[in-house]
Amino acid sequence: MNEAPPTGRPVELRHLRAFLAVADELNITRAAARLRLTQPAVSRTLAALERHLGVRLVDRSTHHLALTPDGVTFRDKAAAAVAAFDEALDPGRLRTWPLRLGHAWSAFGPYTTPLLRAWQERHPGTGLELLRIDDRTAGLTRGEVDAALLRGPVDAPGLVAEVLFTEVRVAAVTADGPLAGRASLALADLAAGPVVLNTVSGTTTTGLWPPHARPATTVTVGNTDDWLTAIAAGRGSGVSTASTATLHPHTGVAYVPLDDAPGVPVLLAHRDAPGHPALPALAALAREIVARGAPR
């Protein structure tokens, strides 16, 4: 059976699903098992998609499959397209169309509750779903959410973002460690020991420190929970935003003001394409709530 799309016809959804399975598994055999197809069928489908696009998506030159740079870029686009298709055909959402707002951690900081309450009062017919997704764009590029509250610069194609406010940074240190009792800290104080970095959804990298004074040792984790656990266990210290101290308290972690670190912009982002009709209302309400000032 020829899996290539007929000449002149667009690629079908099955081509995207096959590519995403291969991108996730990086193995044709496992992707075929996941899709309940034969290995040759998946290989032909992937090849047909590459012919249609005119680019190589998967590097097959080595023993292990790997996505090419074009494949990495196309993965997010394909995931968003499949998610939009599945969302449109979800019978549970035919009568209601909730607005999905993603975040990787700390949501809208001190403005989170005021935003949710004001939205419910003003837009009772449109639910606002706040979803934590451990991803640099909180699921936005993959089509899992309609908009996202993000921190720090976001280098992802196809997104539009506006800065809503800027958060100060704080140090997170082991609660019973020598730094916990300090009134404030400097970046150099943290660089003297290991620094815990959330490399998946966090904003802190070793680039926060001057080149001549960067931490000699780092511990990498993949989400906020593991970041807090590592610091509480004494594996190192960390840097985050002030809202983390409020929204993510931990008995084993002390948050201390950080004197010499620049602030972190908090962004409201969405895809640069037609999206949920309530997005302009969400942006307007977010700006209004920030303008009122943080609740005391």
# chains A, B, ... in the order shown; residues from 1 in each chain; ligands from 1
$ closest_atom_pairs --of "segment 78-147 of chain A" --to "segment 244-256 of chain A" --cutoff "12 Å" --atoms "only C-alpha atoms" --output "CSV"
residue,atom,partner,partner_atom,distance
A:Ala104,CA,A:Thr244,CA,11.3
A:Trp105,CA,A:Thr244,CA,7.7
A:Ser106,CA,A:Thr244,CA,5.8
A:Ala107,CA,A:Leu247,CA,8.8
A:Phe108,CA,A:Leu247,CA,10.0
A:Gly109,CA,A:Leu247,CA,7.4
A:Pro110,CA,A:Thr246,CA,8.0
A:Tyr111,CA,A:Leu247,CA,11.2
A:Thr112,CA,A:Leu247,CA,9.8
A:Thr113,CA,A:Leu247,CA,11.0
$ write_last_selection --atoms "N, CA and C atoms" --output "PDB file, in the first residue's frame"
ATOM      1  N   ALA A 104       4.396  27.640  33.735  1.00  0.00           N
ATOM      2  CA  ALA A 104       5.358  26.626  34.160  1.00  0.00           C
ATOM      3  C   ALA A 104       5.502  26.597  35.667  1.00  0.00           C
ATOM      4  N   TRP A 105       5.350  27.753  36.302  1.00  0.00           N
ATOM      5  CA  TRP A 105       5.353  27.842  37.767  1.00  0.00           C
ATOM      6  C   TRP A 105       4.904  29.242  38.145  1.00  0.00           C
ATOM      7  N   SER A 106       4.300  29.371  39.310  1.00  0.00           N
ATOM      8  CA  SER A 106       3.941  30.661  39.912  1.00  0.00           C
ATOM      9  C   SER A 106       2.892  31.459  39.151  1.00  0.00           C
ATOM     10  N   ALA A 107       2.362  30.927  38.053  1.00  0.00           N
ATOM     11  CA  ALA A 107       1.237  31.538  37.344  1.00  0.00           C
ATOM     12  C   ALA A 107       1.425  33.039  37.149  1.00  0.00           C
ATOM     13  N   PHE A 108       0.479  33.838  37.678  1.00  0.00           N
ATOM     14  CA  PHE A 108       0.512  35.294  37.519  1.00  0.00           C
ATOM     15  C   PHE A 108       1.032  35.966  38.790  1.00  0.00           C
ATOM     16  N   GLY A 109       1.791  35.200  39.572  1.00  0.00           N
ATOM     17  CA  GLY A 109       2.358  35.752  40.796  1.00  0.00           C
ATOM     18  C   GLY A 109       1.272  36.248  41.738  1.00  0.00           C
ATOM     19  N   PRO A 110       1.437  37.432  42.339  1.00  0.00           N
ATOM     20  CA  PRO A 110       0.456  37.943  43.298  1.00  0.00           C
ATOM     21  C   PRO A 110      -0.884  38.304  42.664  1.00  0.00           C
ATOM     22  N   TYR A 111      -0.904  38.350  41.351  1.00  0.00           N
ATOM     23  CA  TYR A 111      -2.138  38.724  40.650  1.00  0.00           C
ATOM     24  C   TYR A 111      -2.977  37.507  40.240  1.00  0.00           C
ATOM     25  N   THR A 112      -2.528  36.298  40.593  1.00  0.00           N
ATOM     26  CA  THR A 112      -3.208  35.087  40.132  1.00  0.00           C
ATOM     27  C   THR A 112      -4.657  35.024  40.609  1.00  0.00           C
ATOM     28  N   THR A 113      -4.870  35.130  41.915  1.00  0.00           N
ATOM     29  CA  THR A 113      -6.236  35.049  42.450  1.00  0.00           C
ATOM     30  C   THR A 113      -7.119  36.188  41.962  1.00  0.00           C
TER      31      THR A 113
END
$ select_by_dssp --residues "segment 92-281 of chain A" --states "strand (DSSP E or B)" --output "PyMOL selection string"
chain A and resi 99-103+128-132+147-151+159-167+169-174+185+195-198+218-221+237-241+253-258+264-271
$ residues_around --residues "segment 24-40 of chain A" --least-positions-apart "2" --cutoff "8 Å" --atoms "only C-alpha atoms" --output "PyMOL selection string"
chain A and resi 18+20-22+42-44+64-67
$ atom_distance --atom1 "atom CA of Arg235 of chain A" --atom2 "atom CA of Pro210 of chain A"
22.4 Å
$ select_by_dssp --residues "segment 55-216 of chain A" --states "helix (DSSP H, G or I)" --output "PyMOL selection string"
chain A and resi 69-88+91-93+109-122+187-191+206-208+211-213
$ closest_residue --among "A:Ala213, A:Leu159, A:Leu13, A:Val145" --to "Ala273 of chain A" --atoms "only C-alpha atoms"
A:Leu159
$ residues_around --residues "Thr137 of chain A" --least-positions-apart "6" --cutoff "8 Å" --atoms "only C-alpha atoms" --output "list in words"
His103, Ala104, Ala148, Leu150, Val154 and Ser201 of chain A
$ atom_distance --atom1 "atom CA of Phe19 of chain A" --atom2 "atom CA of Leu57 of chain A"
8.5 Å
$ closest_atom_pairs --of "segment 7-87 of chain A" --to "segment 262-272 of chain A" --cutoff "12 Å" --atoms "only C-alpha atoms" --output "JSON lines"
{"residue": "A:Asp76", "atom": "CA", "partner": "A:Arg271", "partner_atom": "CA", "distance": 11.5}
{"residue": "A:Lys77", "atom": "CA", "partner": "A:Arg271", "partner_atom": "CA", "distance": 10.6}
{"residue": "A:Ala80", "atom": "CA", "partner": "A:Arg271", "partner_atom": "CA", "distance": 9.8}
{"residue": "A:Ala81", "atom": "CA", "partner": "A:Arg271", "partner_atom": "CA", "distance": 11.9}
$ atom_distance --atom1 "atom CA of Glu167 of chain A" --atom2 "atom CA of Ser243 of chain A"
7.6 Å
$ residues_around --residues "segment 192-194 of chain A" --least-positions-apart "4" --cutoff "7 Å" --atoms "only C-alpha atoms" --output "list of chain:residue names"
A:Ala188, A:Pro215, A:Thr217, A:Thr218, A:Val219, A:Arg235, A:Gly236, A:Ser237
$ write_last_selection --atoms "C-alpha atoms" --output "mmCIF file, in the first residue's frame"
data_model
loop_
_atom_site.group_PDB
_atom_site.id
_atom_site.type_symbol
_atom_site.label_atom_id
_atom_site.label_comp_id
_atom_site.auth_asym_id
_atom_site.auth_seq_id
_atom_site.Cartn_x
_atom_site.Cartn_y
_atom_site.Cartn_z
ATOM 1 C CA ALA A 188 28.667 35.617 44.480
ATOM 2 C CA PRO A 215 29.190 28.662 39.777
ATOM 3 C CA THR A 217 29.127 23.213 40.182
ATOM 4 C CA THR A 218 25.505 22.915 39.066
ATOM 5 C CA VAL A 219 22.736 20.416 39.715
ATOM 6 C CA ARG A 235 22.283 19.792 47.245
ATOM 7 C CA GLY A 236 22.677 23.483 46.389
ATOM 8 C CA SER A 237 21.004 26.872 46.282
#
$ residues_around --residues "Phe85 of chain A" --least-positions-apart "4" --cutoff "12 Å" --atoms "only C-alpha atoms" --output "PDB file with N, CA and C atoms, in the first residue's frame"
ATOM      1  N   GLU A  12      -2.140  14.554   5.164  1.00  0.00           N
ATOM      2  CA  GLU A  12      -3.257  14.213   6.039  1.00  0.00           C
ATOM      3  C   GLU A  12      -2.795  14.164   7.490  1.00  0.00           C
ATOM      4  N   LEU A  13      -3.770  14.133   8.388  1.00  0.00           N
ATOM      5  CA  LEU A  13      -3.466  14.132   9.816  1.00  0.00           C
ATOM      6  C   LEU A  13      -2.616  12.931  10.199  1.00  0.00           C
ATOM      7  N   ARG A  14      -2.802  11.804   9.553  1.00  0.00           N
ATOM      8  CA  ARG A  14      -2.058  10.598   9.899  1.00  0.00           C
ATOM      9  C   ARG A  14      -0.553  10.793   9.689  1.00  0.00           C
ATOM     10  N   LEU A  16       1.066  13.580  10.234  1.00  0.00           N
ATOM     11  CA  LEU A  16       1.536  14.335  11.394  1.00  0.00           C
ATOM     12  C   LEU A  16       1.622  13.438  12.626  1.00  0.00           C
ATOM     13  N   ARG A  17       0.611  12.598  12.823  1.00  0.00           N
ATOM     14  CA  ARG A  17       0.643  11.694  13.979  1.00  0.00           C
ATOM     15  C   ARG A  17       1.829  10.731  13.892  1.00  0.00           C
ATOM     16  N   ALA A  78       3.539  20.650  14.191  1.00  0.00           N
ATOM     17  CA  ALA A  78       2.698  19.465  14.014  1.00  0.00           C
ATOM     18  C   ALA A  78       1.896  19.170  15.274  1.00  0.00           C
ATOM     19  N   ALA A  79       2.534  19.312  16.438  1.00  0.00           N
ATOM     20  CA  ALA A  79       1.837  19.056  17.700  1.00  0.00           C
ATOM     21  C   ALA A  79       0.692  20.032  17.902  1.00  0.00           C
ATOM     22  N   ALA A  80       0.904  21.303  17.550  1.00  0.00           N
ATOM     23  CA  ALA A  80      -0.161  22.301  17.686  1.00  0.00           C
ATOM     24  C   ALA A  80      -1.318  21.991  16.739  1.00  0.00           C
ATOM     25  N   ALA A  81      -0.998  21.558  15.527  1.00  0.00           N
ATOM     26  CA  ALA A  81      -2.048  21.241  14.556  1.00  0.00           C
ATOM     27  C   ALA A  81      -2.875  20.041  15.009  1.00  0.00           C
ATOM     28  N   LEU A  89     -12.759  18.363  17.867  1.00  0.00           N
ATOM     29  CA  LEU A  89     -13.651  17.201  17.790  1.00  0.00           C
ATOM     30  C   LEU A  89     -13.960  16.592  19.147  1.00  0.00           C
ATOM     31  N   ASP A  90     -13.550  17.267  20.225  1.00  0.00           N
ATOM     32  CA  ASP A  90     -13.849  16.767  21.565  1.00  0.00           C
ATOM     33  C   ASP A  90     -15.315  17.052  21.879  1.00  0.00           C
ATOM     34  N   GLY A 143       0.399  23.524  21.372  1.00  0.00           N
ATOM     35  CA  GLY A 143      -1.046  23.617  21.216  1.00  0.00           C
ATOM     36  C   GLY A 143      -1.837  23.116  22.394  1.00  0.00           C
ATOM     37  N   GLU A 144      -1.205  22.920  23.550  1.00  0.00           N
ATOM     38  CA  GLU A 144      -1.911  22.421  24.726  1.00  0.00           C
ATOM     39  C   GLU A 144      -2.674  23.515  25.454  1.00  0.00           C
TER      40      GLU A 144
END
